[in-house]
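Shown next: final.csv, containing CSV, C-alpha atoms and all ligand atoms.
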chain,number,residue,atom,x,y,z
A,1,MET,CA,13.8,6.1,16.5
A,2,THR,CA,10.8,7.3,14.4
A,3,ILE,CA,8.4,4.8,12.9
A,4,ALA,CA,5.8,5.3,10.1
A,5,VAL,CA,3.2,2.9,8.9
A,6,CYS,CA,2.4,2.9,5.2
A,7,PRO,CA,-1.0,1.1,5.0
A,8,GLY,CA,-3.0,-0.1,2.0
A,9,SER,CA,-4.5,-3.0,0.2
A,10,PHE,CA,-1.5,-3.4,-2.1
A,11,ASP,CA,-3.6,-5.5,-4.5
A,12,PRO,CA,-1.2,-5.5,-6.2
A,13,LEU,CA,1.9,-3.5,-5.0
A,14,THR,CA,2.8,-1.0,-7.7
A,15,ARG,CA,5.8,1.0,-8.6
A,16,GLY,CA,3.9,4.0,-7.2
A,17,HIS,CA,3.6,2.3,-3.8
A,18,VAL,CA,7.4,1.5,-3.8
A,19,ASP,CA,8.1,5.2,-4.5
A,20,VAL,CA,5.9,6.3,-1.6
A,21,VAL,CA,7.5,3.8,0.8
A,22,ARG,CA,11.0,5.0,-0.2
A,23,ARG,CA,9.9,8.6,0.4
A,24,ALA,CA,8.5,7.6,3.8
A,25,ARG,CA,11.8,5.9,4.7
A,26,GLY,CA,13.5,9.2,3.8
A,27,MET,CA,11.5,10.9,6.6
A,28,PHE,CA,11.3,8.1,9.3
A,29,ASP,CA,13.9,5.6,10.7
A,30,GLU,CA,11.7,2.6,10.1
A,31,VAL,CA,8.7,2.1,7.8
A,32,VAL,CA,6.2,-0.7,8.4
A,33,VAL,CA,4.2,-1.5,5.3
A,34,GLY,CA,0.8,-2.6,6.6
A,35,ILE,CA,-1.2,-4.8,4.2
A,36,ALA,CA,-4.9,-4.7,5.2
A,37,ARG,CA,-6.7,-8.0,5.3
A,38,ASN,CA,-10.2,-6.6,5.7
A,39,SER,CA,-10.5,-4.1,3.0
A,40,SER,CA,-14.0,-3.5,1.8
A,41,LYS,CA,-12.8,-4.3,-1.7
A,42,SER,CA,-12.6,-7.9,-2.7
A,43,ALA,CA,-9.0,-8.7,-3.4
A,44,LEU,CA,-7.5,-10.4,-6.5
A,45,LEU,CA,-4.5,-11.6,-4.6
A,46,GLY,CA,-4.6,-13.4,-1.3
A,47,ILE,CA,-3.1,-11.7,1.7
A,48,ASP,CA,-0.1,-14.1,2.0
A,49,GLU,CA,0.7,-13.5,-1.7
A,50,ARG,CA,0.5,-9.7,-1.3
A,51,VAL,CA,2.8,-9.9,1.7
A,52,ALA,CA,5.3,-12.2,-0.1
A,53,LEU,CA,5.4,-9.9,-3.2
A,54,ALA,CA,5.9,-6.8,-1.1
A,55,ARG,CA,8.6,-8.4,1.0
A,56,THR,CA,10.5,-9.4,-2.2
A,57,ALA,CA,10.0,-6.1,-3.9
A,58,LEU,CA,11.1,-4.1,-0.8
A,59,ALA,CA,13.9,-6.5,0.3
A,60,GLY,CA,16.6,-4.1,-0.9
A,61,VAL,CA,15.2,-1.1,1.0
A,62,ASP,CA,16.9,-0.9,4.4
A,63,GLY,CA,14.6,-0.1,7.4
A,64,VAL,CA,11.4,-1.3,5.8
A,65,ARG,CA,9.3,-4.3,6.9
A,66,VAL,CA,6.0,-5.7,5.8
A,67,ASP,CA,3.2,-7.0,8.0
A,68,VAL,CA,-0.5,-7.8,7.9
A,69,VAL,CA,-3.1,-5.4,9.3
A,70,GLU,CA,-5.5,-7.9,10.7
A,71,GLY,CA,-8.2,-5.5,11.9
A,72,LEU,CA,-8.4,-1.8,12.5
A,73,LEU,CA,-5.5,0.2,11.2
A,74,ALA,CA,-5.7,2.2,14.4
A,75,ASP,CA,-4.9,-0.9,16.5
A,76,PHE,CA,-2.0,-1.8,14.2
A,77,VAL,CA,-0.6,1.7,14.5
A,78,ARG,CA,-0.7,1.4,18.3
A,79,GLU,CA,0.9,-2.1,18.3
A,80,VAL,CA,3.7,-0.9,16.1
A,81,GLY,CA,4.2,2.3,18.2
A,82,ALA,CA,4.1,4.4,15.0
A,83,ASP,CA,4.7,8.1,15.1
A,84,ALA,CA,2.8,8.7,11.8
A,85,ILE,CA,0.8,7.1,9.0
A,86,VAL,CA,2.2,7.9,5.6
A,87,LYS,CA,0.0,7.9,2.4
A,88,GLY,CA,0.8,9.0,-1.1
A,89,LEU,CA,-1.3,11.5,-3.0
A,90,ARG,CA,-1.6,11.4,-6.8
A,91,GLY,CA,-4.2,14.1,-7.0
A,92,GLY,CA,-7.3,15.6,-5.5
A,93,ALA,CA,-9.4,12.5,-5.7
A,94,ASP,CA,-6.9,10.7,-3.5
A,95,PHE,CA,-7.0,13.5,-1.0
A,96,ASP,CA,-10.9,13.4,-0.9
A,97,ALA,CA,-10.7,9.6,-0.2
A,98,GLU,CA,-7.9,9.9,2.4
A,99,LEU,CA,-9.1,12.9,4.4
A,100,PRO,CA,-11.9,11.1,6.3
A,101,MET,CA,-9.6,8.1,7.1
A,102,ALA,CA,-6.8,10.5,8.3
A,103,LEU,CA,-9.3,12.2,10.6
A,104,MET,CA,-10.8,8.9,11.9
A,105,ASN,CA,-7.3,7.4,12.5
A,106,ARG,CA,-6.3,10.6,14.4
A,107,HIS,CA,-9.5,10.5,16.4
A,108,LEU,CA,-8.8,6.8,17.3
A,109,THR,CA,-5.1,7.1,18.1
A,110,GLY,CA,-3.9,10.7,18.1
A,111,VAL,CA,-1.5,9.7,15.3
A,112,GLU,CA,-1.1,12.1,12.4
A,113,THR,CA,-1.3,11.1,8.8
A,114,VAL,CA,1.5,12.6,6.6
A,115,PHE,CA,0.7,12.9,2.9
A,116,VAL,CA,3.6,12.6,0.5
A,117,VAL,CA,3.4,13.5,-3.2
A,118,GLY,CA,4.9,10.8,-5.3
A,119,ASP,CA,6.8,10.9,-8.6
A,120,PRO,CA,4.5,12.5,-11.2
A,121,ALA,CA,5.8,10.0,-13.7
A,122,LEU,CA,4.0,7.3,-11.7
A,123,ALA,CA,0.8,9.3,-11.0
A,124,HIS,CA,-1.2,7.3,-13.6
A,125,ILE,CA,-0.6,4.0,-11.7
A,126,ALA,CA,-3.4,2.7,-9.5
A,127,SER,CA,-3.8,-1.0,-8.4
A,128,SER,CA,-7.4,-1.0,-9.7
A,129,LEU,CA,-6.2,0.1,-13.2
A,130,VAL,CA,-3.3,-2.4,-13.1
A,131,LYS,CA,-5.8,-5.2,-12.5
A,132,ASP,CA,-8.1,-3.9,-15.3
A,133,VAL,CA,-5.2,-3.7,-17.8
A,134,ALA,CA,-4.2,-7.3,-16.9
A,135,ARG,CA,-7.7,-8.6,-17.1
A,136,PHE,CA,-8.0,-7.3,-20.7
A,137,GLY,CA,-4.6,-8.7,-21.7
A,138,GLY,CA,-2.4,-5.6,-21.5
A,139,SER,CA,1.2,-5.4,-20.3
A,140,ILE,CA,1.6,-4.3,-16.7
A,141,ASP,CA,5.4,-4.8,-16.6
A,142,ASP,CA,6.2,-1.1,-16.3
A,143,LEU,CA,3.6,-0.5,-13.7
A,144,VAL,CA,4.6,-3.0,-11.0
A,145,PRO,CA,7.9,-4.2,-9.4
A,146,ASP,CA,9.6,-7.3,-10.9
A,147,GLY,CA,7.7,-10.5,-10.0
A,148,VAL,CA,4.4,-8.9,-9.4
A,149,ALA,CA,3.2,-8.9,-13.0
A,150,ASP,CA,3.4,-12.7,-13.2
A,151,ALA,CA,1.4,-13.1,-10.0
A,152,VAL,CA,-1.3,-10.8,-11.2
A,153,HIS,CA,-1.6,-12.5,-14.6
A,154,GLU,CA,-1.7,-15.9,-12.9
A,155,ALA,CA,-4.5,-14.7,-10.5
A,156,VAL,CA,-6.5,-13.2,-13.4
A,157,ARG,CA,-6.2,-16.5,-15.3
A,158,SER,CA,-7.2,-18.7,-12.3
A,159,LYS,CA,-10.3,-16.5,-11.6
A,160,ARG,CA,-11.6,-16.9,-15.1
A,201,LIG,O1,-4.9,0.9,-0.6
A,201,LIG,P1,-6.2,1.3,0.0
A,201,LIG,O2,-7.3,0.2,-0.3
A,201,LIG,O3,-6.7,2.7,-0.5
A,201,LIG,O4,-6.0,1.3,1.6
A,201,LIG,C1,-7.1,1.5,2.4
A,201,LIG,C2,-6.8,1.0,3.8
A,201,LIG,C3,-6.4,-0.4,3.8
A,201,LIG,C4,-5.6,1.8,4.4
A,201,LIG,C5,-8.0,1.1,4.7
A,201,LIG,O5,-9.1,0.5,4.2
A,201,LIG,C6,-7.8,0.6,6.1
A,201,LIG,O6,-7.2,1.2,6.9
A,201,LIG,N1,-8.3,-0.6,6.4
A,201,LIG,C7,-8.1,-1.3,7.7
A,201,LIG,C8,-9.5,-1.3,8.5
A,201,LIG,C9,-9.7,0.1,9.1
A,201,LIG,O7,-8.9,0.6,10.0
A,201,LIG,N2,-10.7,0.9,8.6
A,201,LIG,C10,-11.0,2.2,9.1
A,201,LIG,C11,-10.2,3.2,8.3
A,201,LIG,S1,-10.3,4.8,9.0
Encoding of this model in structure tokens:
Amino acid sequence: MTIAVCPGSFDPLTRGHVDVVRRARGMFDEVVVGIARNSSKSALLGIDERVALARTALAGVDGVRVDVVEGLLADFVREVGADAIVKGLRGGADFDAELPMALMNRHLTGVETVFVVGDPALAHIASSLVKDVARFGGSIDDLVPDGVADAVHEAVRSKR
């Protein structure tokens, strides 16, 4: 039984994330989506809401579960018994950001990071841009799974 961890902030989960999780599931028997609590970025959505939205959006994908990464990703990867960390790449900037983390996580655990290339039709989707579009009143319906857009709009409204 092979296990992969798909880690991230998922603030919010996007259609690009779902694509990467599905691709990871195509390569591994089980995929654990690890939602990081202690990202250096300040989150729009609370951790419980991010977990709930991800669980709903991924409920139909067999062999996928969602959990919180409380501290170091390396510790989570060890606890889960993961064989790999899987991350999606949209382009070179993603690789530049991911490479030091992949090297550090391998240093800490010996676990490899596997990079997957997502659907190019989703390559423009980033959580940061989704939040920006929502903050300025644009539609994010095509960018995030069903149910996520309402949560993002609500969070934006409540933080005004
Ligand atoms: O979606 P993101 O924000 O690009 O994901 C980054 C994330 C959450 C994977 C990274 O910040 C992380 O692993 N955070 C947990 C704390 C940790 O292990 N930091 C050291 C990373 S080498």
Which one is closest to ligand LIG 201 (chain A): A:Ala82, A:Val148, A:Ala74, A:Ala155? Count all atoms listed in the file.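 Nearest candidate to ligand LIG 201 (chain A) out of A:Ala82, A:Val148, A:Ala74, A:Ala155: A:Ala74.
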Can you tell me which residues come within 6 Å of ligand LIG 201 (chain A) when counting all atoms listed in the file, ideally as a PyMOL selection string? chain A and resi 7-10+36+39+71-74+101+104-105
List every residue of stretch 67-119 of chain A that has an atom at most 8 Å from any atom of stretch 18-35 of chain A, giving for each one its closest atom pair and the distance in Å to one decimal, counting all atoms listed in the file, sorted by chain and then by ascending residue number, as a tab-separated table.
residue	atom	partner	partner_atom	distance
A:Asp67	CA	A:Gly34	CA	5.2
A:Val68	CA	A:Ile35	CA	4.8
A:Val69	CA	A:Ile35	CA	5.5
A:Val86	CA	A:Ala24	CA	6.6
A:Lys87	CA	A:Val20	CA	7.3
A:Gly88	CA	A:Val20	CA	5.8
A:Val116	CA	A:Val20	CA	7.0
A:Val117	CA	A:Val20	CA	7.8
A:Gly118	CA	A:Val20	CA	5.9
A:Asp119	CA	A:Asp19	CA	7.1
Dump C-alpha atoms for the selected residues as a PDB file, in the frame of the given file?
ATOM      1  CA  ASP A  67       3.200  -7.000   8.000  1.00  0.00           C
ATOM      2  CA  VAL A  68      -0.500  -7.800   7.900  1.00  0.00           C
ATOM      3  CA  VAL A  69      -3.100  -5.400   9.300  1.00  0.00           C
ATOM      4  CA  VAL A  86       2.200   7.900   5.600  1.00  0.00           C
ATOM      5  CA  LYS A  87       0.000   7.900   2.400  1.00  0.00           C
ATOM      6  CA  GLY A  88       0.800   9.000  -1.100  1.00  0.00           C
ATOM      7  CA  VAL A 116       3.600  12.600   0.500  1.00  0.00           C
ATOM      8  CA  VAL A 117       3.400  13.500  -3.200  1.00  0.00           C
ATOM      9  CA  GLY A 118       4.900  10.800  -5.300  1.00  0.00           C
ATOM     10  CA  ASP A 119       6.800  10.900  -8.600  1.00  0.00           C
TER      11      ASP A 119
END
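You will find atom CA of A:Leu58 at 23.5 Å from atom CA of A:Asp94.
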In Å, rounded to a single decimal, give me how far atom CA of A:Ser128 is from atom CA of A:Gly63.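 That distance, rounded to one decimal, is 27.9 Å.
Here atom CA of A:Arg106 and atom CA of A:Thr2 stand 17.4 Å from one another.
Of the listed residues A:Ile3, A:Ala93, A:Leu53, A:Leu103, the one whose atoms come nearest to A:Asp150 is A:Leu53, with distances taken using all atoms listed in the file.
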Top pick for closest residue to A:Val66, considering A:Ala149, A:Cys6, A:Val111, A:Leu99 and counting only C-alpha atoms: A:Cys6
Please return as a PyMOL selection string every residue within 6 Å of (5.3, 0.8, -5.3), taking into account all atoms listed in the file and the file's own coordinates. chain A and resi 13-19
Which of A:Thr56, A:Asp11, A:Glu112, A:Val5 sits closest to A:Arg37 [using all atoms listed in the file]: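 Counting all atoms listed in the file, the residue closest to A:Arg37 is A:Asp11.
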Got a sec: who's within 12 Å of A:Leu129, counting all atoms listed in the file, leaving out chain neighbours fewer than 5 positions off, as a PyMOL selection string? chain A and resi 11-12+14+123-124+134-136+138-140+143-144
Identify the residues around (-7.0, -14.4, -15.6) within a radius of 10 Å, measuring from only C-alpha atoms in the coordinates stated by the file, and give them as an MDAnalysis selection string. chainID A and resid 44 131 134:137 152:160
Could all heavy atoms be built for stretch 87-98 of chain A and written out as an mmCIF file, in the frame of the given file?
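What landed in selection.cif:
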data_model
loop_
_atom_site.group_PDB
_atom_site.id
_atom_site.type_symbol
_atom_site.label_atom_id
_atom_site.label_comp_id
_atom_site.auth_asym_id
_atom_site.auth_seq_id
_atom_site.Cartn_x
_atom_site.Cartn_y
_atom_site.Cartn_z
ATOM 1 N N LYS A 87 0.768 8.278 3.645
ATOM 2 C CA LYS A 87 0.000 7.900 2.400
ATOM 3 C C LYS A 87 0.486 8.775 1.285
ATOM 4 O O LYS A 87 0.823 9.951 1.479
ATOM 5 C CB LYS A 87 -1.479 8.024 2.639
ATOM 6 C CG LYS A 87 -2.025 7.142 3.715
ATOM 7 C CD LYS A 87 -2.822 5.938 3.402
ATOM 8 C CE LYS A 87 -3.045 5.214 2.197
ATOM 9 N NZ LYS A 87 -4.293 4.453 2.170
ATOM 10 N N GLY A 88 0.432 8.229 0.082
ATOM 11 C CA GLY A 88 0.800 9.000 -1.100
ATOM 12 C C GLY A 88 -0.428 9.617 -1.741
ATOM 13 O O GLY A 88 -1.516 9.039 -1.709
ATOM 14 N N LEU A 89 -0.230 10.792 -2.304
ATOM 15 C CA LEU A 89 -1.300 11.500 -3.000
ATOM 16 C C LEU A 89 -0.914 11.615 -4.501
ATOM 17 O O LEU A 89 0.173 12.126 -4.803
ATOM 18 C CB LEU A 89 -1.578 12.852 -2.465
ATOM 19 C CG LEU A 89 -2.125 12.970 -1.041
ATOM 20 C CD1 LEU A 89 -2.330 14.443 -0.701
ATOM 21 C CD2 LEU A 89 -3.434 12.199 -0.878
ATOM 22 N N ARG A 90 -1.811 11.168 -5.385
ATOM 23 C CA ARG A 90 -1.600 11.400 -6.800
ATOM 24 C C ARG A 90 -2.359 12.591 -7.316
ATOM 25 O O ARG A 90 -2.072 13.138 -8.371
ATOM 26 C CB ARG A 90 -2.017 10.147 -7.615
ATOM 27 C CG ARG A 90 -1.116 8.951 -7.444
ATOM 28 C CD ARG A 90 -1.799 7.681 -7.843
ATOM 29 N NE ARG A 90 -2.960 7.464 -7.002
ATOM 30 C CZ ARG A 90 -3.631 6.319 -6.886
ATOM 31 N NH1 ARG A 90 -3.263 5.280 -7.604
ATOM 32 N NH2 ARG A 90 -4.666 6.223 -6.085
ATOM 33 N N GLY A 91 -3.368 12.993 -6.574
ATOM 34 C CA GLY A 91 -4.200 14.100 -7.000
ATOM 35 C C GLY A 91 -5.321 14.343 -5.994
ATOM 36 O O GLY A 91 -5.365 13.719 -4.932
ATOM 37 N N GLY A 92 -6.241 15.222 -6.390
ATOM 38 C CA GLY A 92 -7.300 15.600 -5.500
ATOM 39 C C GLY A 92 -8.246 14.502 -5.083
ATOM 40 O O GLY A 92 -8.743 14.470 -3.947
ATOM 41 N N ALA A 93 -8.495 13.571 -5.994
ATOM 42 C CA ALA A 93 -9.400 12.500 -5.700
ATOM 43 C C ALA A 93 -8.822 11.615 -4.548
ATOM 44 O O ALA A 93 -9.558 11.152 -3.668
ATOM 45 C CB ALA A 93 -9.643 11.604 -6.918
ATOM 46 N N ASP A 94 -7.503 11.423 -4.560
ATOM 47 C CA ASP A 94 -6.900 10.700 -3.500
ATOM 48 C C ASP A 94 -7.067 11.420 -2.150
ATOM 49 O O ASP A 94 -7.391 10.819 -1.127
ATOM 50 C CB ASP A 94 -5.349 10.532 -3.715
ATOM 51 C CG ASP A 94 -5.029 9.411 -4.689
ATOM 52 O OD1 ASP A 94 -5.934 8.633 -5.023
ATOM 53 O OD2 ASP A 94 -3.861 9.326 -5.117
ATOM 54 N N PHE A 95 -6.888 12.741 -2.190
ATOM 55 C CA PHE A 95 -7.000 13.500 -1.000
ATOM 56 C C PHE A 95 -8.468 13.382 -0.413
ATOM 57 O O PHE A 95 -8.668 13.183 0.794
ATOM 58 C CB PHE A 95 -6.692 14.983 -1.180
ATOM 59 C CG PHE A 95 -6.824 15.804 0.070
ATOM 60 C CD1 PHE A 95 -5.888 15.693 1.092
ATOM 61 C CD2 PHE A 95 -7.900 16.663 0.245
ATOM 62 C CE1 PHE A 95 -6.028 16.423 2.269
ATOM 63 C CE2 PHE A 95 -8.042 17.388 1.417
ATOM 64 C CZ PHE A 95 -7.100 17.277 2.429
ATOM 65 N N ASP A 96 -9.450 13.462 -1.308
ATOM 66 C CA ASP A 96 -10.900 13.400 -0.900
ATOM 67 C C ASP A 96 -11.116 12.003 -0.207
ATOM 68 O O ASP A 96 -11.865 11.912 0.760
ATOM 69 C CB ASP A 96 -11.803 13.528 -2.059
ATOM 70 C CG ASP A 96 -11.823 14.963 -2.566
ATOM 71 O OD1 ASP A 96 -11.336 15.844 -1.828
ATOM 72 O OD2 ASP A 96 -12.307 15.195 -3.689
ATOM 73 N N ALA A 97 -10.507 10.950 -0.732
ATOM 74 C CA ALA A 97 -10.700 9.600 -0.200
ATOM 75 C C ALA A 97 -9.921 9.457 1.159
ATOM 76 O O ALA A 97 -10.375 8.781 2.082
ATOM 77 C CB ALA A 97 -10.243 8.547 -1.152
ATOM 78 N N GLU A 98 -8.756 10.088 1.234
ATOM 79 C CA GLU A 98 -7.900 9.900 2.400
ATOM 80 C C GLU A 98 -8.224 10.736 3.597
ATOM 81 O O GLU A 98 -7.978 10.334 4.734
ATOM 82 C CB GLU A 98 -6.405 10.190 1.980
ATOM 83 C CG GLU A 98 -5.826 9.237 0.936
ATOM 84 C CD GLU A 98 -5.727 7.799 1.447
ATOM 85 O OE1 GLU A 98 -5.743 7.582 2.666
ATOM 86 O OE2 GLU A 98 -5.638 6.894 0.608
#
